[in-house]
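K.L.:
Got a file for you: run-v4.txt, compact mmCIF, C-alpha atoms and all ligand atoms.
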# COMPACT_ATOMS: atom_id res chain seq x y z
CA MET A 1 21.76 12.09 25.82
CA SER A 2 25.12 10.42 25.28
CA LYS A 3 24.00 7.65 22.94
CA LEU A 4 21.32 7.32 20.31
CA ARG A 5 19.08 4.29 20.99
CA ILE A 6 18.41 2.72 17.62
CA GLY A 7 15.67 0.34 16.59
CA LEU A 8 16.59 -1.69 13.51
CA ILE A 9 13.65 -2.79 11.37
CA GLY A 10 14.33 -5.65 8.95
CA LEU A 11 16.92 -8.38 9.49
CA GLY A 12 17.66 -9.50 5.96
CA ASN A 13 20.98 -9.13 4.12
CA ILE A 14 21.67 -5.52 5.00
CA GLY A 15 19.76 -5.50 8.29
CA ARG A 16 22.00 -8.23 9.73
CA HIS A 17 25.07 -6.34 8.48
CA HIS A 18 23.89 -3.19 10.30
CA ALA A 19 23.21 -5.21 13.45
CA THR A 20 26.69 -6.74 13.40
CA TYR A 21 28.75 -3.56 13.24
CA LEU A 22 26.40 -1.74 15.64
CA LEU A 23 26.78 -4.54 18.21
CA GLU A 24 30.55 -4.50 17.67
CA GLY A 25 30.50 -0.80 18.62
CA LYS A 26 31.90 0.32 15.26
CA ALA A 27 29.54 3.30 15.08
CA SER A 28 30.30 5.26 18.21
CA ARG A 29 27.38 6.76 20.14
CA CYS A 30 24.96 4.41 18.35
CA GLU A 31 23.37 1.88 20.66
CA LEU A 32 21.43 -0.92 19.03
CA ALA A 33 18.53 -1.05 21.50
CA ALA A 34 15.90 -3.02 19.57
CA VAL A 35 15.45 -5.17 16.49
CA CYS A 36 12.33 -6.01 14.54
CA ALA A 37 11.69 -8.77 12.02
CA THR A 38 8.48 -10.25 10.71
CA THR A 39 10.05 -13.73 10.86
CA PRO A 40 10.49 -14.68 14.57
CA ALA A 41 13.43 -17.03 13.82
CA LYS A 42 15.51 -14.04 12.70
CA LEU A 43 15.15 -12.54 16.16
CA GLU A 44 16.69 -15.52 17.99
CA PRO A 45 20.32 -14.32 18.06
CA TYR A 46 19.25 -10.99 19.54
CA TYR A 47 17.36 -12.38 22.56
CA GLN A 48 20.72 -13.48 23.94
CA ARG A 49 22.10 -9.96 23.48
CA LYS A 50 19.28 -8.67 25.69
CA LEU A 51 17.92 -6.40 22.98
CA ARG A 52 14.29 -5.47 22.79
CA VAL A 53 12.80 -7.66 20.05
CA SER A 54 9.58 -7.27 18.13
CA THR A 55 7.71 -8.69 15.16
CA ASP A 56 5.63 -5.55 14.77
CA ALA A 57 7.43 -2.50 13.42
CA LEU A 58 4.67 -0.07 14.37
CA GLU A 59 4.66 -1.36 17.95
CA LEU A 60 8.43 -0.73 18.14
CA VAL A 61 8.12 2.71 16.59
CA ARG A 62 5.52 3.73 19.19
CA SER A 63 7.18 1.93 22.14
CA GLY A 64 9.15 4.87 23.56
CA ALA A 65 12.14 2.50 23.87
CA ILE A 66 14.15 4.05 21.03
CA ASP A 67 15.22 7.48 19.78
CA ALA A 68 15.73 6.54 16.14
CA VAL A 69 14.95 3.87 13.56
CA LEU A 70 17.10 2.33 10.89
CA ILE A 71 14.70 1.01 8.27
CA ALA A 72 16.13 -1.95 6.33
CA THR A 73 13.02 -3.53 4.86
CA PRO A 74 12.10 -3.83 1.16
CA HIS A 75 11.58 -0.44 -0.51
CA TYR A 76 7.81 0.11 -0.33
CA ASP A 77 7.87 -0.07 3.49
CA HIS A 78 10.48 2.69 3.63
CA THR A 79 7.71 5.23 3.01
CA THR A 80 5.06 3.87 5.39
CA LEU A 81 7.47 3.03 8.22
CA GLY A 82 9.44 6.24 7.67
CA ILE A 83 6.29 8.35 7.97
CA ALA A 84 5.12 6.39 11.04
CA ALA A 85 8.50 6.87 12.73
CA LEU A 86 8.60 10.59 11.99
CA GLU A 87 5.03 10.97 13.29
CA ALA A 88 6.13 9.12 16.46
CA GLY A 89 8.89 11.69 17.07
CA LEU A 90 11.84 9.50 16.05
CA HIS A 91 14.93 10.31 14.03
CA VAL A 92 14.95 8.25 10.82
CA MET A 93 17.73 6.63 8.83
CA VAL A 94 16.18 4.93 5.83
CA GLU A 95 17.90 2.43 3.56
CA LYS A 96 18.19 3.27 -0.10
CA PRO A 97 16.09 3.94 -2.10
CA ILE A 98 14.29 6.27 0.30
CA SER A 99 11.04 5.12 -1.38
CA ALA A 100 10.02 2.79 -4.19
CA HIS A 101 8.99 5.68 -6.46
CA LYS A 102 8.97 9.46 -6.61
CA ALA A 103 5.37 10.03 -5.45
CA ASP A 104 6.06 7.93 -2.33
CA ALA A 105 9.33 9.83 -1.80
CA GLU A 106 7.35 13.07 -1.94
CA ARG A 107 5.05 11.72 0.81
CA LEU A 108 8.03 10.82 2.94
CA LEU A 109 9.67 14.20 2.41
CA GLU A 110 6.42 15.95 3.33
CA ALA A 111 6.39 14.04 6.63
CA ALA A 112 10.05 14.99 7.25
CA ALA A 113 9.19 18.64 6.54
CA ARG A 114 6.44 18.46 9.19
CA HIS A 115 9.10 17.36 11.71
CA PRO A 116 12.12 19.53 10.98
CA GLU A 117 13.54 19.01 14.47
CA GLN A 118 14.06 15.30 13.78
CA ILE A 119 16.96 13.99 11.72
CA PHE A 120 16.03 12.32 8.44
CA ALA A 121 18.87 10.62 6.57
CA GLY A 122 19.40 8.13 3.73
CA MET A 123 21.86 5.23 3.66
CA PHE A 124 23.98 6.43 0.73
CA GLN A 125 27.27 5.08 1.95
CA LEU A 126 29.30 5.74 -1.20
CA ARG A 127 29.33 9.38 -0.10
CA VAL A 128 31.86 8.49 2.60
CA GLU A 129 34.26 6.93 0.10
CA PRO A 130 37.30 9.24 -0.20
CA ARG A 131 37.51 8.72 -3.98
CA TYR A 132 34.13 10.39 -4.48
CA ALA A 133 34.97 13.14 -1.99
CA LYS A 134 38.14 13.84 -4.01
CA LEU A 135 36.16 13.93 -7.26
CA ARG A 136 33.73 16.32 -5.63
CA SER A 137 36.45 18.69 -4.52
CA LEU A 138 38.04 18.60 -7.99
CA ILE A 139 34.73 19.56 -9.57
CA ASP A 140 33.69 22.14 -6.95
CA GLY A 141 37.18 23.64 -6.91
CA GLY A 142 37.01 24.27 -10.67
CA GLU A 143 39.98 21.98 -11.38
CA LEU A 144 38.15 20.40 -14.33
CA GLY A 145 37.01 23.75 -15.70
CA GLN A 146 33.62 23.73 -17.38
CA ILE A 147 32.15 20.19 -17.33
CA GLN A 148 31.57 19.01 -20.90
CA ARG A 149 30.84 15.29 -20.73
CA VAL A 150 30.16 12.57 -18.17
CA THR A 151 30.34 8.85 -18.93
CA TRP A 152 29.69 6.18 -16.34
CA ILE A 153 29.84 2.58 -17.49
CA ASN A 154 28.56 0.84 -14.43
CA THR A 155 28.02 -2.75 -15.43
CA ASP A 156 29.75 -4.59 -12.58
CA TRP A 157 26.53 -5.28 -10.71
CA PHE A 158 26.31 -8.91 -11.83
CA ARG A 159 23.49 -10.84 -10.16
CA THR A 160 22.46 -14.50 -10.54
CA GLU A 161 19.00 -16.06 -10.83
CA THR A 162 19.48 -17.30 -7.27
CA TYR A 163 19.91 -13.72 -6.08
CA TYR A 164 16.62 -12.72 -7.69
CA ALA A 165 14.87 -15.81 -6.27
CA SER A 166 16.16 -15.01 -2.76
CA GLY A 167 13.25 -12.66 -2.02
CA GLY A 168 9.68 -12.69 -3.29
CA TRP A 169 9.75 -8.89 -3.52
CA ARG A 170 12.90 -8.66 -5.63
CA ALA A 171 12.82 -7.47 -9.23
CA THR A 172 9.02 -7.18 -9.38
CA TRP A 173 7.04 -4.03 -10.08
CA LYS A 174 4.79 -4.78 -7.11
CA GLY A 175 7.47 -5.72 -4.58
CA GLU A 176 10.31 -3.43 -5.61
CA GLY A 177 9.11 -0.94 -8.21
CA GLY A 178 12.14 -1.24 -10.47
CA GLY A 179 15.32 -3.15 -11.25
CA VAL A 180 19.03 -2.41 -11.53
CA LEU A 181 18.44 1.36 -11.49
CA LEU A 182 16.34 1.41 -8.34
CA ASN A 183 18.29 -1.23 -6.47
CA GLN A 184 21.90 -1.92 -7.41
CA CYS A 185 23.20 1.21 -9.13
CA LEU A 186 20.97 3.60 -7.22
CA HIS A 187 24.11 4.37 -5.20
CA ASN A 188 25.86 5.48 -8.37
CA LEU A 189 22.90 7.62 -9.40
CA ASP A 190 23.10 9.26 -5.97
CA VAL A 191 26.81 9.95 -6.44
CA LEU A 192 26.19 11.30 -9.95
CA ALA A 193 23.63 13.84 -8.70
CA TRP A 194 25.73 14.61 -5.60
CA LEU A 195 28.80 15.42 -7.68
CA LEU A 196 27.25 17.10 -10.70
CA GLY A 197 23.73 18.19 -9.76
CA MET A 198 20.51 16.86 -11.22
CA PRO A 199 20.25 16.54 -15.00
CA THR A 200 17.64 18.66 -16.75
CA ARG A 201 16.45 15.85 -19.06
CA VAL A 202 16.98 12.14 -19.61
CA ARG A 203 16.35 9.61 -22.35
CA GLY A 204 16.50 5.99 -21.31
CA PHE A 205 16.75 2.73 -23.20
CA CYS A 206 16.04 -0.22 -20.91
CA GLN A 207 15.75 -3.91 -21.50
CA PHE A 208 13.42 -5.70 -19.10
CA GLY A 209 14.27 -9.22 -18.00
CA ARG A 210 16.93 -9.34 -20.74
CA TRP A 211 19.35 -11.56 -18.80
CA HIS A 212 17.21 -12.96 -15.99
CA ASN A 213 13.76 -14.35 -15.37
CA ILE A 214 12.51 -11.01 -14.01
CA GLU A 215 10.08 -8.33 -15.23
CA VAL A 216 12.08 -5.17 -14.39
CA GLU A 217 15.11 -3.61 -16.11
CA ASP A 218 18.44 -5.46 -15.97
CA GLN A 219 20.16 -3.68 -18.89
CA VAL A 220 20.18 0.11 -19.24
CA THR A 221 21.68 2.82 -21.39
CA ALA A 222 20.67 6.38 -20.55
CA TYR A 223 21.52 9.73 -22.03
CA PHE A 224 21.22 12.88 -19.91
CA GLU A 225 22.01 16.58 -19.96
CA LEU A 226 23.22 18.76 -17.10
CA PRO A 227 22.05 22.35 -16.54
CA ASN A 228 25.18 23.76 -18.24
CA GLY A 229 24.48 21.68 -21.36
CA ALA A 230 27.10 19.00 -20.59
CA THR A 231 26.06 15.63 -21.99
CA GLY A 232 26.20 12.31 -20.21
CA THR A 233 25.68 8.60 -20.53
CA PHE A 234 25.00 6.10 -17.78
CA ILE A 235 25.16 2.41 -18.63
CA SER A 236 24.30 -0.38 -16.24
CA SER A 237 23.58 -4.09 -16.17
CA THR A 238 23.21 -7.02 -13.79
CA GLY A 239 23.84 -9.50 -16.59
CA GLU A 240 27.39 -8.63 -17.62
CA ALA A 241 30.51 -10.31 -16.18
CA PRO A 242 33.19 -9.31 -15.44
CA GLY A 243 31.53 -5.95 -16.04
CA THR A 244 33.10 -2.50 -16.09
CA ASN A 245 33.11 0.36 -13.63
CA ARG A 246 34.58 3.35 -15.41
CA PHE A 247 33.55 6.85 -14.38
CA GLU A 248 34.92 9.53 -16.66
CA ILE A 249 34.32 13.27 -16.40
CA ALA A 250 35.67 15.58 -19.07
CA GLY A 251 35.97 19.33 -18.59
CA THR A 252 37.72 22.15 -20.36
CA ARG A 253 40.67 21.86 -17.92
CA GLY A 254 41.11 18.11 -18.25
CA ARG A 255 39.67 14.65 -17.78
CA VAL A 256 39.39 12.55 -14.67
CA VAL A 257 38.89 8.78 -14.75
CA LEU A 258 37.99 6.53 -11.84
CA GLU A 259 38.51 2.89 -12.71
CA ASN A 260 40.08 -0.20 -11.10
CA ASN A 261 40.57 1.61 -7.80
CA ARG A 262 42.66 4.33 -9.47
CA LEU A 263 41.80 7.98 -9.89
CA THR A 264 43.74 9.61 -12.73
CA PHE A 265 43.57 13.24 -13.72
CA THR A 266 44.88 14.27 -17.13
CA ARG A 267 45.16 17.99 -16.61
CA ASN A 268 45.27 20.44 -19.49
CA GLU A 269 47.97 23.07 -19.01
CA SER A 270 45.47 25.57 -20.34
CA ASP A 271 41.72 25.60 -20.80
CA ALA A 272 40.82 23.69 -23.99
CA LEU A 273 38.24 26.21 -25.18
CA GLU A 274 40.62 29.11 -24.59
CA TRP A 275 43.24 27.14 -26.54
CA SER A 276 40.72 26.52 -29.33
CA ARG A 277 39.95 30.24 -29.58
CA THR A 278 43.56 31.43 -29.56
CA ALA A 279 45.67 28.71 -31.26
CA GLN A 280 47.24 29.72 -34.59
CA VAL A 281 47.36 26.10 -35.85
CA GLY A 282 44.55 23.66 -36.58
CA PHE A 283 45.31 20.35 -34.92
CA SER A 284 47.26 20.97 -31.74
CA LYS A 285 45.92 20.42 -28.21
CA PRO A 286 47.08 21.84 -24.86
CA ASP A 287 49.95 19.95 -23.22
CA VAL A 288 48.90 17.80 -20.26
CA TRP A 289 50.12 16.73 -16.84
CA ASN A 290 49.30 13.15 -15.85
CA ILE A 291 48.38 13.06 -12.18
CA GLU A 292 47.55 10.00 -10.10
CA ILE A 293 45.34 11.03 -7.18
CA PRO A 294 45.88 8.77 -4.16
CA PHE A 295 43.00 7.70 -1.93
CA GLU A 296 42.20 5.17 0.78
CA ASN A 297 39.06 3.06 0.75
CA ALA A 298 36.61 3.70 3.59
CA ALA A 299 36.93 1.12 6.36
CA ASN A 300 33.24 0.65 7.10
CA GLN A 301 31.00 2.83 4.97
CA HIS A 302 27.72 2.00 6.70
CA ALA A 303 29.12 2.48 10.22
CA THR A 304 30.60 5.86 9.24
CA LEU A 305 27.26 7.04 7.92
CA MET A 306 25.45 5.81 11.05
CA GLN A 307 27.98 7.62 13.21
CA ASN A 308 27.29 10.80 11.26
CA PHE A 309 23.54 10.22 11.76
CA ALA A 310 24.08 9.96 15.54
CA SER A 311 26.25 13.10 15.56
CA ALA A 312 23.52 14.96 13.69
CA ALA A 313 20.85 13.81 16.17
CA LEU A 314 22.95 14.33 19.31
CA ASP A 315 25.11 17.34 18.42
CA GLY A 316 23.52 18.96 15.37
CA ALA A 317 26.38 17.94 13.04
CA PRO A 318 25.62 18.36 9.33
CA LEU A 319 24.38 15.20 7.61
CA ILE A 320 26.49 13.60 4.90
CA ALA A 321 23.41 12.14 3.23
CA PRO A 322 20.22 14.07 4.08
CA GLY A 323 17.12 11.99 3.34
CA GLN A 324 15.77 14.80 1.18
CA GLU A 325 18.63 14.25 -1.27
CA GLY A 326 17.51 10.64 -1.62
CA MET A 327 14.84 12.01 -3.96
CA ASN A 328 17.46 12.54 -6.68
CA SER A 329 18.36 8.90 -7.26
CA VAL A 330 14.73 7.74 -7.07
CA GLU A 331 13.75 10.37 -9.60
CA LEU A 332 16.57 9.45 -11.99
CA ALA A 333 15.79 5.73 -11.72
CA ASN A 334 12.08 6.34 -12.37
CA ALA A 335 12.62 8.83 -15.19
CA ILE A 336 14.99 6.56 -17.14
CA VAL A 337 12.49 3.67 -17.01
CA LEU A 338 9.53 5.93 -17.86
CA SER A 339 11.46 7.40 -20.78
CA SER A 340 12.22 3.93 -22.09
CA LEU A 341 8.65 2.67 -21.75
CA GLU A 342 7.10 5.77 -23.34
CA GLY A 343 9.83 6.34 -25.94
CA GLU A 344 10.26 9.97 -25.00
CA THR A 345 12.72 12.33 -23.37
CA ILE A 346 11.69 13.17 -19.79
CA GLU A 347 12.24 16.71 -18.56
CA LEU A 348 13.28 16.93 -14.89
CA PRO A 349 11.86 17.39 -12.38
CA MET A 350 9.42 14.74 -13.58
CA SER A 351 5.86 14.18 -12.44
CA GLY A 352 5.84 11.65 -9.61
CA ALA A 353 2.13 11.06 -10.19
CA ARG A 354 2.71 10.16 -13.83
CA TRP A 355 5.26 7.46 -12.96
CA GLU A 356 3.10 6.18 -10.10
CA ALA A 357 0.18 5.71 -12.54
CA LYS A 358 2.45 3.90 -15.00
CA LEU A 359 3.83 1.71 -12.23
CA GLN A 360 0.30 0.77 -11.15
CA GLU A 361 -0.40 -0.23 -14.76
CA LEU A 362 2.75 -2.40 -14.83
CA ILE A 363 1.72 -4.03 -11.55
CA ALA A 364 -1.81 -4.69 -12.83
CA ASN A 365 -0.52 -6.22 -16.08
CA SER A 366 2.23 -8.33 -14.50
CA THR A 367 2.20 -11.98 -15.57
CA LEU A 368 5.54 -13.06 -14.07
CA LYS A 369 5.48 -16.21 -11.98
CA LYS A 370 8.03 -15.40 -9.30
CA GLU A 371 10.22 -18.24 -8.07
CA THR A 372 11.63 -17.93 -4.53
CA ARG A 373 14.16 -20.06 -2.70
CA ALA A 374 16.26 -19.69 0.45
CA VAL A 375 19.93 -18.82 0.08
CA THR A 376 22.08 -20.22 2.85
CA ALA A 377 25.65 -18.92 2.65
CA ASP A 378 26.60 -15.91 0.57
CA ASP A 379 29.24 -13.21 0.57
CA PHE A 380 26.80 -10.34 0.79
CA ALA A 381 29.50 -7.81 1.78
CA ALA A 382 31.09 -8.32 -1.66
CA SER A 383 28.24 -6.21 -3.04
CA PHE A 384 29.28 -2.99 -1.27
CA ARG A 385 32.36 -1.47 -2.85
CA ARG A 386 31.65 0.41 -6.05
N1 LIG A 401 22.97 0.39 1.54
C1 LIG A 401 23.31 -0.82 1.13
O1 LIG A 401 24.50 -1.14 0.98
C2 LIG A 401 22.23 -1.83 0.88
C3 LIG A 401 22.59 -3.14 0.57
C4 LIG A 401 21.57 -4.07 0.41
C5 LIG A 401 20.24 -3.70 0.52
N2 LIG A 401 19.93 -2.40 0.77
C6 LIG A 401 18.51 -1.98 0.89
O2 LIG A 401 17.98 -2.52 2.09
C7 LIG A 401 16.65 -2.97 1.89
C8 LIG A 401 16.56 -4.47 2.26
O3 LIG A 401 17.38 -5.20 1.37
P1 LIG A 401 17.88 -6.67 1.75
O4 LIG A 401 18.78 -7.10 0.66
O5 LIG A 401 18.37 -6.70 3.14
O6 LIG A 401 16.50 -7.48 1.64
P2 LIG A 401 16.13 -8.86 2.32
O7 LIG A 401 14.97 -9.41 1.58
O8 LIG A 401 17.36 -9.70 2.48
O9 LIG A 401 15.68 -8.41 3.78
C9 LIG A 401 14.54 -7.65 4.05
C10 LIG A 401 14.01 -8.09 5.40
O10 LIG A 401 12.98 -7.19 5.84
C11 LIG A 401 12.00 -7.96 6.51
N3 LIG A 401 10.77 -7.21 6.59
C12 LIG A 401 9.90 -6.90 5.61
N4 LIG A 401 8.91 -6.12 6.06
C13 LIG A 401 9.15 -5.95 7.38
C14 LIG A 401 8.48 -5.24 8.41
N5 LIG A 401 7.35 -4.58 8.19
N6 LIG A 401 9.01 -5.26 9.64
C15 LIG A 401 10.16 -5.92 9.90
N7 LIG A 401 10.84 -6.62 8.96
C16 LIG A 401 10.34 -6.62 7.71
C17 LIG A 401 11.92 -9.23 5.70
O11 LIG A 401 11.34 -10.29 6.43
C18 LIG A 401 13.39 -9.48 5.39
O12 LIG A 401 14.02 -10.26 6.37
C19 LIG A 401 16.30 -2.67 0.45
O13 LIG A 401 15.57 -1.48 0.38
C20 LIG A 401 17.64 -2.52 -0.24
O14 LIG A 401 17.62 -1.63 -1.33
C21 LIG A 401 20.90 -1.48 0.97
Starting from the file, lay out its structure as C-alpha cells.

P.N.:
Amino acid sequence: MSKLRIGLIGLGNIGRHHATYLLEGKASRCELAAVCATTPAKLEPYYQRKLRVSTDALELVRSGAIDAVLIATPHYDHTTLGIAALEAGLHVMVEKPISAHKADAERLLEAAARHPEQIFAGMFQLRVEPRYAKLRSLIDGGELGQIQRVTWINTDWFRTETYYASGGWRATWKGEGGGVLLNQCLHNLDVLAWLLGMPTRVRGFCQFGRWHNIEVEDQVTAYFELPNGATGTFISSTGEAPGTNRFEIAGTRGRVVLENNRLTFTRNESDALEWSRTAQVGFSKPDVWNIEIPFENAANQHATLMQNFASAALDGAPLIAPGQEGMNSVELANAIVLSSLEGETIELPMSGARWEAKLQELIANSTLKKETRAVTADDFAASFRR
C-alpha cells in the first residue's frame, strides 16, 4: 500500500482545516478518500472533489473504502467512534482530547489493546514543535540537573462569548465534559506530561463560568508534584487578555524559560546543590552562562503529525503521539477539576470511575441555558500556536 486512505469524520473548525491540508497534499502518503458530516451542507465542497461523502460515521467506518479514520467530532464521540473504527479494523487518529473523561479513555485504550496491529494515535501537534523537542532533549540529557520546580502560566487562551455560543456542545458538562483544561490547554498538559512525566498528586483551584456564561472552568490554578518531589504550578484562563504564556523549568543546573517565542537557558556553571554543600560563604550563587537556544516554528503541525501517522501505518515508524499517551492530559484535566470541586488533593493515577460519577452528577444538576449562534468568518488557525 503506497498511500493511506483516510476518512475524516467531522467537518467543523478543525475538520475543515484537516481536509484543506490533506487535499493540498501537505501530508505525504495521506489520501483524503472520504469525509463525513452530520450536516449535509458541509459535504457540498467535497462532492466536487470526487470524495466519498457520508452523513453516517458508522456507515463510513464499516464501508471498506478507507484504511484509517481521523476523528474530528466533539469529544464524547471520540470514544464511541474510535472504538467502532478499531473494531472495524481501521487505524485511528483521534483529535484531542482522546475522550471526554478518563473512564471513557480507558474504554478506548482497551479497544486499542485488543487491536495492537492497528495504529492508534492522538492529535497532539505541539509535540512536533521544535521548541518543545529542544526542551525535552535538555531535560532528558540532564542539562538542567535535578528538576526542582515547574511553572507554566498559560493564560493566552482568550475566548469570547461568541466562541462559546458557536457550538451547542461547547463548555457544557454534557457536551464537552470540561472547560479550558479539557479543551484549550489540554495541549499544554500533554506537553507537560510528555516532558516531565505524570505528576504523583495534584491540587486544583478552578473557577467555573468566572468570565463567561458557561458552566465549566475558565480560570484555573493548579499545584502538582512530580515523582522526584519537584513542585509545579499550572495556571490557565480563557478570560485574560493579552494573557501570558511563560513556561519555566528550574533544575539544579539552571533554569530554562520559554516565552515570547524565545527559549533562554540560564546555565549554572556548577550544580546549585553541590555549590550549597561546599561553599564557604553564605550568600553566593554559582556563576551562570546566558544561552539563547534558537529554534524554528513547525510549518504545519497537524500535517506533520498526520504524515507520521501514515508512516506508522505503512512502514511501522514510531508514533510521535501514541493514542495511549493521550490518557495523561485527560487525567490531569479531570483530576484538577475533581480536586477543586471536592476540595482535596488527588493522588495519581486517579479513579476514572470516581470522576465519571461526579461528571454525571454535574450533568444531572446542570441549569445552564445554552445560547448558540452561527459564526461566519473567523481566524480559526490563530488558535494553534502555543
Ligand atoms: N488539535 C487541534 O488543534 C484542535 C483544534 C480545534 C479543535 N480540536 C478538537 O477537535 C474536535 C472538534 O472541534 P471543533 O472546534 O472542530 O468543533 P466544531 O463544533 O467546530 O465541529 C465539530 C463537527 O463535528 C460534527 N459532528 C458531530 N458528530 C458527528 C458525527 N457523529 N459524525 C460526523 N460529524 C459529526 C458537527 O456537526 C460539527 O460540524 C474537538 O474534540 C476539539 O477538542 C482540536

K.L.:
Please write out the residues within 9 Å of ligand LIG 401 (chain A) as a ChimeraX atom specification, counting only C-alpha atoms and all ligand atoms.

P.N.:
/A:8-17,35-39,42,54-58,71-78,81,94-100,122-126,166-170,176,182-184,186-187,301-302,380-381,383-385

K.L.:
Would you kindly identify which residues have an atom no farther than 7 Å from (34.1, 16.3, -21.0), using only C-alpha atoms and the file's own coordinates, and write them out as a PyMOL selection string?

P.N.:
chain A and resi 147-150+249-252+255

K.L.:
Env of range 361-368 of chain A: 9 Å cut, atoms = only C-alpha atoms, seq-sep filter 5 positions within chain, self excluded. Answer as a ChimeraX atom specification.

P.N.:
/A:172-174,177,213-215,356

K.L.:
Within 7 Å of (10.8, -1.2, 20.0) in the file's own coordinates, which protein, DNA or RNA residues have an atom, counting all atoms listed in the file? List them as a PyMOL selection string.

P.N.:
chain A and resi 7+34+52-54+59-61+63+65-66

K.L.:
Quick one: distance from CA of Ala133 in chain A to CA of Glu24 in chain A in Å, one decimal?

P.N.:
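Distance reported for this atom pair: 26.8 Å.
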
K.L.:
Of the candidates A:Arg253, A:Gly175, A:Lys285, A:Gln360, which one gets nearest to Gly142 in chain A if we count only C-alpha atoms?

P.N.:
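Of A:Arg253, A:Gly175, A:Lys285, A:Gln360, the one nearest Gly142 in chain A, counting only C-alpha atoms, is A:Arg253.
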
K.L.:
Calculate how many Å separate CA of Gly82 in chain A from CA of Asp104 in chain A, rounding to one decimal.

P.N.:
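CA of Asp104 in chain A lies at a distance of 10.7 Å from CA of Gly82 in chain A.
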
K.L.:
In Å, with one decimal, what is the gap from CA of Ser311 in chain A to CA of Arg49 in chain A?

P.N.:
24.7 Å

K.L.:
Considering all atoms listed in the file, can you say which of A:Asn268, A:Ser340, A:Asn308, A:Asn334 comes closest to Ala353 in chain A?

P.N.:
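Nearest candidate to Ala353 in chain A out of A:Asn268, A:Ser340, A:Asn308, A:Asn334: A:Asn334.
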
K.L.:
Measuring atom to atom with only C-alpha atoms, identify which of A:Val330, A:Leu195, A:Leu319, A:Leu359 is nearest to Phe120 in chain A.

P.N.:
A:Leu319
